[in-house]
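To be precise, the following lines are data_14.txt, and they hold compact mmCIF, C-alpha atoms.
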# COMPACT_ATOMS: atom_id res chain seq x y z
CA MET A 1 -9.69 25.74 2.46
CA PRO A 2 -8.20 28.34 -0.03
CA ALA A 3 -10.47 29.29 -2.92
CA ASN A 4 -7.76 28.76 -5.55
CA LEU A 5 -6.83 25.30 -4.31
CA ASP A 6 -5.76 22.87 -7.00
CA PRO A 7 -8.73 20.48 -7.59
CA ALA A 8 -6.47 17.47 -7.11
CA ALA A 9 -5.16 18.96 -3.88
CA ALA A 10 -8.75 19.45 -2.72
CA LEU A 11 -9.43 15.77 -3.42
CA MET A 12 -6.27 14.82 -1.58
CA LEU A 13 -7.37 16.77 1.49
CA ARG A 14 -10.54 14.67 1.47
CA VAL A 15 -8.44 11.53 1.15
CA LYS A 16 -6.59 12.65 4.30
CA GLN A 17 -9.93 12.43 6.09
CA GLY A 18 -10.49 8.90 4.81
CA ASP A 19 -12.67 9.71 1.78
CA ARG A 20 -12.23 6.63 -0.42
CA ALA A 21 -14.37 8.10 -3.21
CA ALA A 22 -12.01 11.05 -3.45
CA PHE A 23 -9.08 8.66 -3.62
CA ALA A 24 -10.75 6.66 -6.39
CA ALA A 25 -11.30 9.91 -8.31
CA LEU A 26 -7.60 10.73 -8.05
CA VAL A 27 -6.65 7.27 -9.27
CA GLU A 28 -8.99 7.61 -12.25
CA ARG A 29 -7.57 11.00 -13.15
CA TYR A 30 -3.88 10.21 -12.82
CA GLN A 31 -3.60 6.53 -13.71
CA GLN A 32 -2.79 7.28 -17.36
CA PRO A 33 0.01 9.82 -16.80
CA VAL A 34 1.48 7.67 -14.03
CA MET A 35 1.39 4.57 -16.22
CA ASN A 36 2.95 6.50 -19.10
CA PHE A 37 5.75 7.70 -16.86
CA ILE A 38 6.49 4.35 -15.26
CA ARG A 39 6.08 2.28 -18.41
CA ARG A 40 8.52 4.48 -20.29
CA SER A 41 10.90 4.47 -17.32
CA LEU A 42 10.95 0.72 -16.77
CA ARG A 43 9.81 -0.75 -20.10
CA ASP A 44 8.43 -3.88 -18.42
CA GLU A 45 4.65 -3.90 -18.86
CA THR A 46 3.75 -6.17 -15.93
CA GLU A 47 6.15 -4.56 -13.51
CA ALA A 48 4.99 -1.12 -14.63
CA GLU A 49 1.39 -2.00 -13.74
CA ASP A 50 2.42 -3.31 -10.32
CA LEU A 51 4.59 -0.30 -9.66
CA ALA A 52 1.84 2.10 -10.78
CA GLN A 53 -0.50 0.42 -8.29
CA ASN A 54 2.14 0.83 -5.60
CA VAL A 55 2.43 4.52 -6.42
CA PHE A 56 -1.23 5.07 -5.58
CA LEU A 57 -1.05 2.77 -2.58
CA GLN A 58 1.83 4.88 -1.31
CA VAL A 59 -0.22 8.01 -1.98
CA TYR A 60 -2.98 6.64 0.23
CA LYS A 61 -0.64 5.52 2.97
CA SER A 62 1.17 8.86 2.96
CA ALA A 63 -1.99 10.96 2.86
CA SER A 64 -1.43 12.17 6.42
CA ARG A 65 1.85 13.78 5.32
CA TYR A 66 0.37 15.63 2.34
CA VAL A 67 0.24 19.43 2.69
CA SER A 68 -2.03 21.48 0.48
CA THR A 69 0.70 24.00 -0.30
CA ALA A 70 2.34 21.34 -2.47
CA LYS A 71 0.82 20.67 -5.87
CA PHE A 72 -0.58 17.18 -5.90
CA SER A 73 0.97 16.19 -9.25
CA THR A 74 4.42 17.23 -8.02
CA TRP A 75 4.00 15.07 -4.94
CA LEU A 76 2.56 12.20 -7.00
CA PHE A 77 5.42 12.13 -9.51
CA THR A 78 7.98 12.41 -6.73
CA ILE A 79 6.56 9.19 -5.30
CA ALA A 80 6.50 7.62 -8.77
CA ARG A 81 10.08 8.59 -9.48
CA ASN A 82 11.31 7.28 -6.12
CA LEU A 83 9.63 3.93 -6.67
CA CYS A 84 11.14 3.72 -10.17
CA LEU A 85 14.57 4.47 -8.74
CA ASN A 86 14.13 1.74 -6.14
CA GLU A 87 13.17 -0.70 -8.88
CA ILE A 88 16.14 0.27 -11.04
CA ARG A 89 18.49 -0.22 -8.09
CA ARG A 90 16.89 -3.57 -7.32
CA ARG A 91 17.40 -4.68 -10.91
CA SER A 92 21.02 -3.62 -10.85
CA ARG A 93 21.56 -5.83 -7.79
CA HIS A 94 19.64 -8.77 -9.34
CA PRO A 95 20.16 -8.66 -13.10
CA THR A 96 17.64 -10.68 -15.12
CA GLU A 97 18.47 -13.37 -17.67
CA SER A 98 19.45 -12.07 -21.07
CA LEU A 99 16.79 -12.32 -23.77
CA ASP A 100 19.55 -13.29 -26.21
CA ALA A 101 20.65 -16.32 -24.22
CA THR A 102 20.76 -19.57 -26.22
CA HIS A 103 19.12 -22.86 -25.32
CA PRO A 104 21.46 -25.07 -23.26
CA GLU A 105 20.87 -28.01 -25.63
CA SER A 106 21.17 -26.16 -28.90
CA GLU A 107 23.26 -23.09 -29.63
CA ASN A 108 21.16 -22.31 -32.70
CA GLN A 109 17.95 -22.12 -30.73
CA PRO A 110 17.21 -19.11 -28.53
CA LEU A 111 16.30 -19.78 -24.92
CA HIS A 112 13.35 -17.42 -25.11
CA GLN A 113 11.07 -17.35 -28.09
CA PHE A 114 8.48 -14.66 -28.62
CA GLU A 115 5.70 -14.37 -31.16
CA ASP A 116 6.46 -11.81 -33.84
CA LYS A 117 3.29 -9.73 -33.62
CA LYS A 118 4.33 -7.44 -36.43
CA THR A 119 4.03 -9.93 -39.28
CA SER A 120 0.26 -9.85 -39.45
CA SER A 121 -0.21 -6.03 -39.29
CA ALA A 122 -0.66 -3.38 -41.99
CA PRO A 123 2.49 -1.55 -43.20
CA GLU A 124 1.44 1.84 -41.77
CA SER A 125 0.92 0.47 -38.28
CA LEU A 126 4.18 -1.46 -38.57
CA LEU A 127 6.04 1.75 -39.30
CA GLN A 128 4.24 3.47 -36.45
CA ARG A 129 5.14 0.70 -34.05
CA GLU A 130 8.72 0.75 -35.27
CA LEU A 131 8.91 4.46 -34.55
CA GLU A 132 7.37 4.01 -31.12
CA GLU A 133 9.80 1.24 -30.35
CA LYS A 134 12.76 3.31 -31.51
CA ILE A 135 11.70 6.25 -29.34
CA ALA A 136 11.08 3.98 -26.36
CA GLN A 137 14.46 2.35 -26.84
CA ALA A 138 16.23 5.68 -27.16
CA LEU A 139 14.52 6.93 -24.00
CA ALA A 140 15.46 3.76 -22.13
CA GLU A 141 19.12 4.24 -23.03
CA LEU A 142 19.27 7.72 -21.54
CA PRO A 143 20.70 8.28 -18.06
CA GLU A 144 17.88 8.06 -15.51
CA ASN A 145 17.83 11.75 -14.60
CA GLN A 146 17.71 12.89 -18.24
CA ARG A 147 15.00 10.35 -19.05
CA THR A 148 12.94 11.35 -16.02
CA ALA A 149 13.32 15.04 -16.87
CA LEU A 150 12.12 14.41 -20.43
CA LEU A 151 9.19 12.25 -19.34
CA LEU A 152 8.08 14.81 -16.78
CA CYS A 153 8.42 17.51 -19.40
CA ARG A 154 5.58 15.75 -21.24
CA GLN A 155 3.28 16.29 -18.25
CA ASP A 156 1.45 19.50 -19.04
CA GLU A 157 0.48 19.99 -15.40
CA LEU A 158 4.07 20.32 -14.25
CA SER A 159 5.97 23.54 -14.67
CA TYR A 160 9.78 23.54 -14.96
CA GLU A 161 9.95 24.57 -11.29
CA GLU A 162 7.77 21.61 -10.30
CA ILE A 163 9.85 19.23 -12.43
CA ALA A 164 12.91 20.55 -10.60
CA LYS A 165 11.23 19.71 -7.27
CA VAL A 166 10.56 16.16 -8.39
CA LEU A 167 14.15 15.78 -9.56
CA ASP A 168 15.39 17.50 -6.42
CA CYS A 169 17.69 19.79 -8.37
CA SER A 170 17.81 23.43 -9.45
CA LEU A 171 15.77 24.93 -12.26
CA SER A 172 18.83 25.52 -14.42
CA ALA A 173 20.06 21.96 -13.80
CA THR A 174 16.64 20.64 -14.79
CA LYS A 175 16.64 22.53 -18.07
CA SER A 176 20.17 21.37 -18.70
CA LEU A 177 19.10 17.74 -18.18
CA ILE A 178 16.25 18.18 -20.64
CA HIS A 179 18.53 19.83 -23.20
CA ARG A 180 21.18 17.11 -22.96
CA GLY A 181 18.59 14.37 -23.15
CA ARG A 182 17.05 15.92 -26.23
CA GLU A 183 20.44 16.26 -27.91
CA ILE A 184 21.05 12.51 -27.44
CA LEU A 185 17.58 11.66 -28.72
CA LYS A 186 18.07 13.83 -31.79
CA GLN A 187 21.22 11.88 -32.61
CA LYS A 188 19.64 8.45 -32.02
CA LEU A 189 16.43 9.29 -33.86
CA LYS A 190 17.98 11.27 -36.71
CA PRO A 191 16.67 8.91 -39.44
CA TYR A 192 13.14 9.35 -38.17
CA LEU A 193 13.02 13.04 -37.43
CA HIS A 194 12.00 14.11 -40.88
CA SER A 195 10.54 10.85 -42.23
CA GLY A 196 7.03 12.30 -42.13
CA ALA A 197 5.51 9.05 -40.88
CA TRP A 198 4.12 10.73 -37.80
CA LYS A 199 2.37 13.35 -39.83
CA GLU A 200 0.59 10.67 -41.88
CA SER A 201 -0.44 8.54 -38.94
CA LYS A 202 -2.47 11.20 -37.15
CA MET B 1 24.35 29.91 -31.19
CA ASN B 2 22.81 27.75 -28.49
CA ASP B 3 24.14 30.07 -25.83
CA ASP B 4 21.97 32.89 -27.03
CA LEU B 5 19.42 33.59 -24.33
CA VAL B 6 16.61 34.52 -26.73
CA TYR B 7 17.00 31.27 -28.63
CA GLN B 8 17.28 29.32 -25.37
CA ARG B 9 14.15 30.90 -23.94
CA LEU B 10 12.13 30.26 -27.07
CA ARG B 11 13.44 26.71 -27.30
CA GLU B 12 12.48 25.96 -23.68
CA SER B 13 8.98 27.34 -24.30
CA ALA B 14 8.63 25.22 -27.43
CA TRP B 15 9.53 22.09 -25.45
CA ARG B 16 6.27 22.44 -23.48
CA ARG B 17 3.81 24.19 -25.80
CA LYS B 18 3.17 25.86 -29.05
CA LEU B 19 4.81 29.29 -29.34
CA THR B 20 2.51 32.30 -29.23
CA ASP B 21 2.26 34.61 -32.23
CA ILE B 22 4.58 37.10 -30.57
CA GLU B 23 7.11 34.37 -29.79
CA GLN B 24 6.94 33.04 -33.33
CA ALA B 25 7.64 36.52 -34.69
CA GLU B 26 10.54 36.81 -32.27
CA LEU B 27 11.87 33.44 -33.45
CA ARG B 28 11.60 34.35 -37.11
CA ALA B 29 13.57 37.50 -36.49
CA TRP B 30 16.23 35.65 -34.53
CA LEU B 31 16.59 32.90 -37.15
CA ALA B 32 16.85 35.53 -39.87
CA ALA B 33 19.81 36.92 -37.96
CA HIS B 34 21.24 33.44 -37.27
CA PRO B 35 20.54 31.27 -40.34
CA ASP B 36 22.95 28.54 -39.16
CA ALA B 37 20.50 27.80 -36.37
CA ARG B 38 17.65 26.89 -38.70
CA ALA B 39 18.67 23.22 -38.99
CA ASP B 40 18.92 22.86 -35.22
CA TRP B 41 15.53 24.49 -34.76
CA ALA B 42 14.00 22.15 -37.34
CA ASN B 43 15.40 19.12 -35.50
CA GLU B 44 14.11 20.46 -32.19
CA ALA B 45 10.66 20.93 -33.64
CA ALA B 46 10.68 17.45 -35.22
CA LEU B 47 11.74 15.78 -31.98
CA SER B 48 9.05 17.65 -30.07
CA GLU B 49 6.53 16.39 -32.57
CA LEU B 50 7.74 12.81 -32.20
CA LEU B 51 7.61 12.94 -28.43
CA LYS B 52 4.21 14.61 -28.47
CA ARG B 53 2.76 11.87 -30.66
CA LEU B 54 3.95 9.01 -28.46
CA PRO B 55 0.72 7.15 -27.66
CA ASP B 56 -0.51 6.53 -24.16
CA VAL B 57 0.43 3.14 -22.80
CA PRO B 58 -2.54 0.85 -22.16
CA VAL B 59 -3.97 0.93 -18.66
CA PRO B 60 -5.99 -2.10 -17.48
CA SER B 61 -9.71 -1.32 -17.30
CA ASN B 62 -9.84 -2.57 -13.69
CA PHE B 63 -6.82 -0.58 -12.55
CA THR B 64 -8.75 1.58 -10.08
CA ALA B 65 -10.48 -1.47 -8.61
CA ARG B 66 -7.13 -3.20 -8.16
CA VAL B 67 -5.68 -0.18 -6.41
CA LEU B 68 -8.66 0.04 -4.06
CA ARG B 69 -8.36 -3.67 -3.23
CA ALA B 70 -4.67 -3.19 -2.48
CA VAL B 71 -5.58 -0.31 -0.16
CA GLU B 72 -8.17 -2.48 1.63
CA ARG B 73 -5.64 -5.25 2.15
CA ASP B 74 -3.05 -2.84 3.44
CA VAL B 75 -5.49 -1.15 5.83
CA ALA B 76 -6.60 -4.53 7.20
CA ALA B 77 -2.99 -5.63 7.68
CA SER B 78 -2.13 -2.36 9.42
CA ASP B 79 -5.13 -2.66 11.75
CA ARG B 80 -4.03 -6.15 12.76
CA GLU B 81 -0.50 -4.96 13.47
CA ARG B 82 -1.60 -1.88 15.41
CA ALA B 83 -4.19 -3.64 17.61
CA PRO B 84 -2.84 -4.68 21.06
CA ARG B 85 -2.37 -8.40 21.33
CA TRP B 86 -4.81 -8.61 24.15
CA VAL B 87 -7.54 -7.17 21.93
CA TRP B 88 -6.70 -9.55 19.16
CA THR B 89 -6.63 -12.53 21.56
CA TRP B 90 -9.65 -11.32 23.53
CA ARG B 91 -11.98 -12.78 20.93
CA ALA B 92 -10.30 -16.13 21.33
CA LEU B 93 -10.15 -16.05 25.10
CA VAL B 94 -13.71 -14.90 25.94
CA PRO B 95 -15.26 -18.37 25.64
CA ARG B 96 -12.40 -19.93 27.54
CA ALA B 97 -12.60 -17.28 30.24
CA ALA B 98 -16.34 -17.90 30.57
CA VAL B 99 -15.72 -21.61 31.08
CA MET B 100 -13.02 -20.86 33.63
CA VAL B 101 -15.34 -18.55 35.52
CA LEU B 102 -17.99 -21.26 35.60
CA VAL B 103 -15.56 -23.89 36.80
CA VAL B 104 -14.08 -21.64 39.47
CA GLY B 105 -17.53 -20.54 40.52
CA ALA B 106 -18.76 -24.10 40.83
CA GLY B 107 -15.68 -24.98 42.83
CA LEU B 108 -16.22 -22.08 45.18
CA PHE B 109 -19.85 -22.99 45.56
CA ALA B 110 -19.00 -26.58 46.37
CA TYR B 111 -16.36 -25.48 48.84
CA GLN B 112 -18.80 -23.16 50.55
CA ARG B 113 -21.42 -25.91 50.82
CA HIS B 114 -18.83 -28.25 52.28
CA ALA B 115 -17.66 -25.64 54.72
CA LEU B 116 -21.24 -24.93 55.68
CA ALA B 117 -21.92 -28.62 56.25
CA GLN B 118 -18.83 -28.88 58.36
CA ARG B 119 -19.95 -25.92 60.42
CA VAL B 120 -23.39 -27.49 60.86
CA GLU B 121 -21.86 -30.77 61.98
CA LEU B 122 -19.58 -28.95 64.33
CA ALA B 123 -22.48 -26.99 65.70
CA GLN B 124 -24.44 -30.18 66.25
CA SER B 125 -21.49 -31.73 68.02
CA VAL B 126 -21.17 -28.73 70.20
CA ALA B 127 -24.85 -28.86 70.94
CA THR B 128 -24.59 -32.52 71.87
CA VAL B 129 -21.68 -31.86 74.18
CA ALA B 130 -23.55 -28.98 75.65
CA ASP B 131 -26.43 -31.36 76.48
CA VAL B 132 -24.02 -33.84 78.08
CA ARG B 133 -22.86 -31.22 80.55
CA SER B 134 -26.36 -31.09 82.01
CA LEU B 135 -26.16 -34.75 83.14
CA PRO B 136 -25.38 -35.44 86.81
CA SER B 137 -21.83 -36.00 87.80
CA PRO B 138 -20.53 -39.57 88.23
CA GLN B 139 -20.77 -39.16 92.04
CA PHE B 140 -24.51 -39.53 91.65
CA LEU B 141 -24.03 -42.86 90.04
CA LYS B 142 -21.77 -44.20 92.79
CA ASP B 143 -24.65 -45.72 94.74
CA PHE B 144 -26.62 -46.59 91.68
CA ASP B 145 -26.86 -50.29 92.53
CA VAL B 146 -27.90 -49.67 96.12
CA ILE B 147 -30.53 -47.20 95.10
CA ARG B 148 -31.78 -49.42 92.49
CA ARG B 149 -32.27 -52.19 95.00
CA LEU B 150 -34.15 -49.82 97.19
CA LEU B 151 -36.55 -48.78 94.51
CA PRO B 152 -39.93 -50.57 94.89
CA THR B 153 -39.86 -53.83 93.16
CA PRO B 154 -42.82 -54.99 91.16
CA PRO B 155 -45.47 -56.71 93.36
CA ALA B 156 -45.24 -60.49 93.74
CA ASP B 157 -47.21 -62.56 91.37
CA LYS B 158 -49.44 -64.30 93.85
CA ASP B 159 -51.10 -66.52 91.37
CA LEU B 160 -47.74 -67.78 90.26
CA LEU B 161 -46.68 -68.30 93.75
CA ALA B 162 -49.88 -70.27 94.46
CA LEU B 163 -49.24 -72.52 91.59
CA MET B 164 -45.70 -73.07 92.64
CA GLN B 165 -46.87 -74.06 96.10
The structure in this file should be written as structure tokens.
Amino acid sequence: MPANLDPAAALMLRVKQGDRAAFAALVERYQQPVMNFIRRSLRDETEAEDLAQNVFLQVYKSASRYVSTAKFSTWLFTIARNLCLNEIRRRSRHPTESLDATHPESENQPLHQFEDKKTSSAPESLLQRELEEKIAQALAELPENQRTALLLCRQDELSYEEIAKVLDCSLSATKSLIHRGREILKQKLKPYLHSGAWKESK
Amino acid sequence: MNDDLVYQRLRESAWRRKLTDIEQAELRAWLAAHPDARADWANEAALSELLKRLPDVPVPSNFTARVLRAVERDVAASDRERAPRWVWTWRALVPRAAVMVLVVGAGLFAYQRHALAQRVELAQSVATVADVRSLPSPQFLKDFDVIRRLLPTPPADKDLLALMQ
């Protein structure tokens, strides 16, 4: 085993030999970044949890195909992205019911009613949640490849070259995707860019 | 403006991390030469700050346990699919096979006992016939009555005869 082997890659080599403890350690270490990526890609909390579980299940099942020359996080996010793409394609074939649909017996009553959780919270947290929601919404409206590029850009472990591998495109194309995605976000989030709320909340 | 390679390089670095002191000096010099770019740089920096401050999404506390359980279920399902059917059904068939062996064995045993008894009976019959061959031929019996008359008869019962006289 090379001396400069990525620690996660070293764990993955143990997983290849059936080491369940090593696998559990990988899950513990990467569950947060994977959940962040999937949750912001799909926006559905329950489905994001299920899909995140499937990512790690796929990691385990594909352990025999892992090679130590590949950085583990690159391989992991490639799996995550592919599962997200599959889910997006599945949704496009089976669109869900609109949340704005009205009740069949009364046009004034919405079909789905949800508790407004914001009404009982302090103003600062309301503003923070509004900002988070606006960012999440703006991200969700991006084309998939731009959104994925931006979300992967937030992963400190991944270099631009590794992000390009996950996206299966060139380095220059990857940077172009990030740039275009950011330009759209700047337009959508213009009212919030210099509001200062983020500076006060942290 | 945005096509300038220096600005592009510094912008791409700022997307991922804080600029080093040298890079910040380089940026200041470039912005001094391109003041129109200051607004764009300010927006870039603000967006980076927004994205950086996005909170982590909540992860269930039992996430790892759920993943491990899913792995266990998948491994068990794979083992069942990979195992040859005869191995899988072997556990079900062993008791039945044992009963079949017993039944067949008992049947064979009974058949062998019957065959043995038949052989014994046959042997006895043969032995009986073999004994019959040692008897004299029927020619010897031709004058049986004559010979029998010639054999000494029991002596007369004189007392009886005296009484009868």
Open item on the list: Only residues of chain B matter here; which ones have an atom within 8 Å of chain A, counting only C-alpha atoms? Give them as a PyMOL selection string.
Closed with: chain B and resi 12+15-16+43-44+46-47+50-54+56-57+59+63-64+66-68+70-71
- [ ] May I ask for the distance between atom CA of A:Leu76 and atom CA of A:Leu42, given in Å to one decimal place?
- [x]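 Distance reported for this atom pair: 17.3 Å.
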- [ ] Figure out the distance between atom CA of A:Glu157 and atom CA of B:Asp21, please, to one decimal in Å.
- [x]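 Between atom CA of B:Asp21 and atom CA of A:Glu157 the gap is 22.4 Å.
Across the structure, atom CA of A:Asn145 and atom CA of A:Leu177 are spaced 7.1 Å apart.
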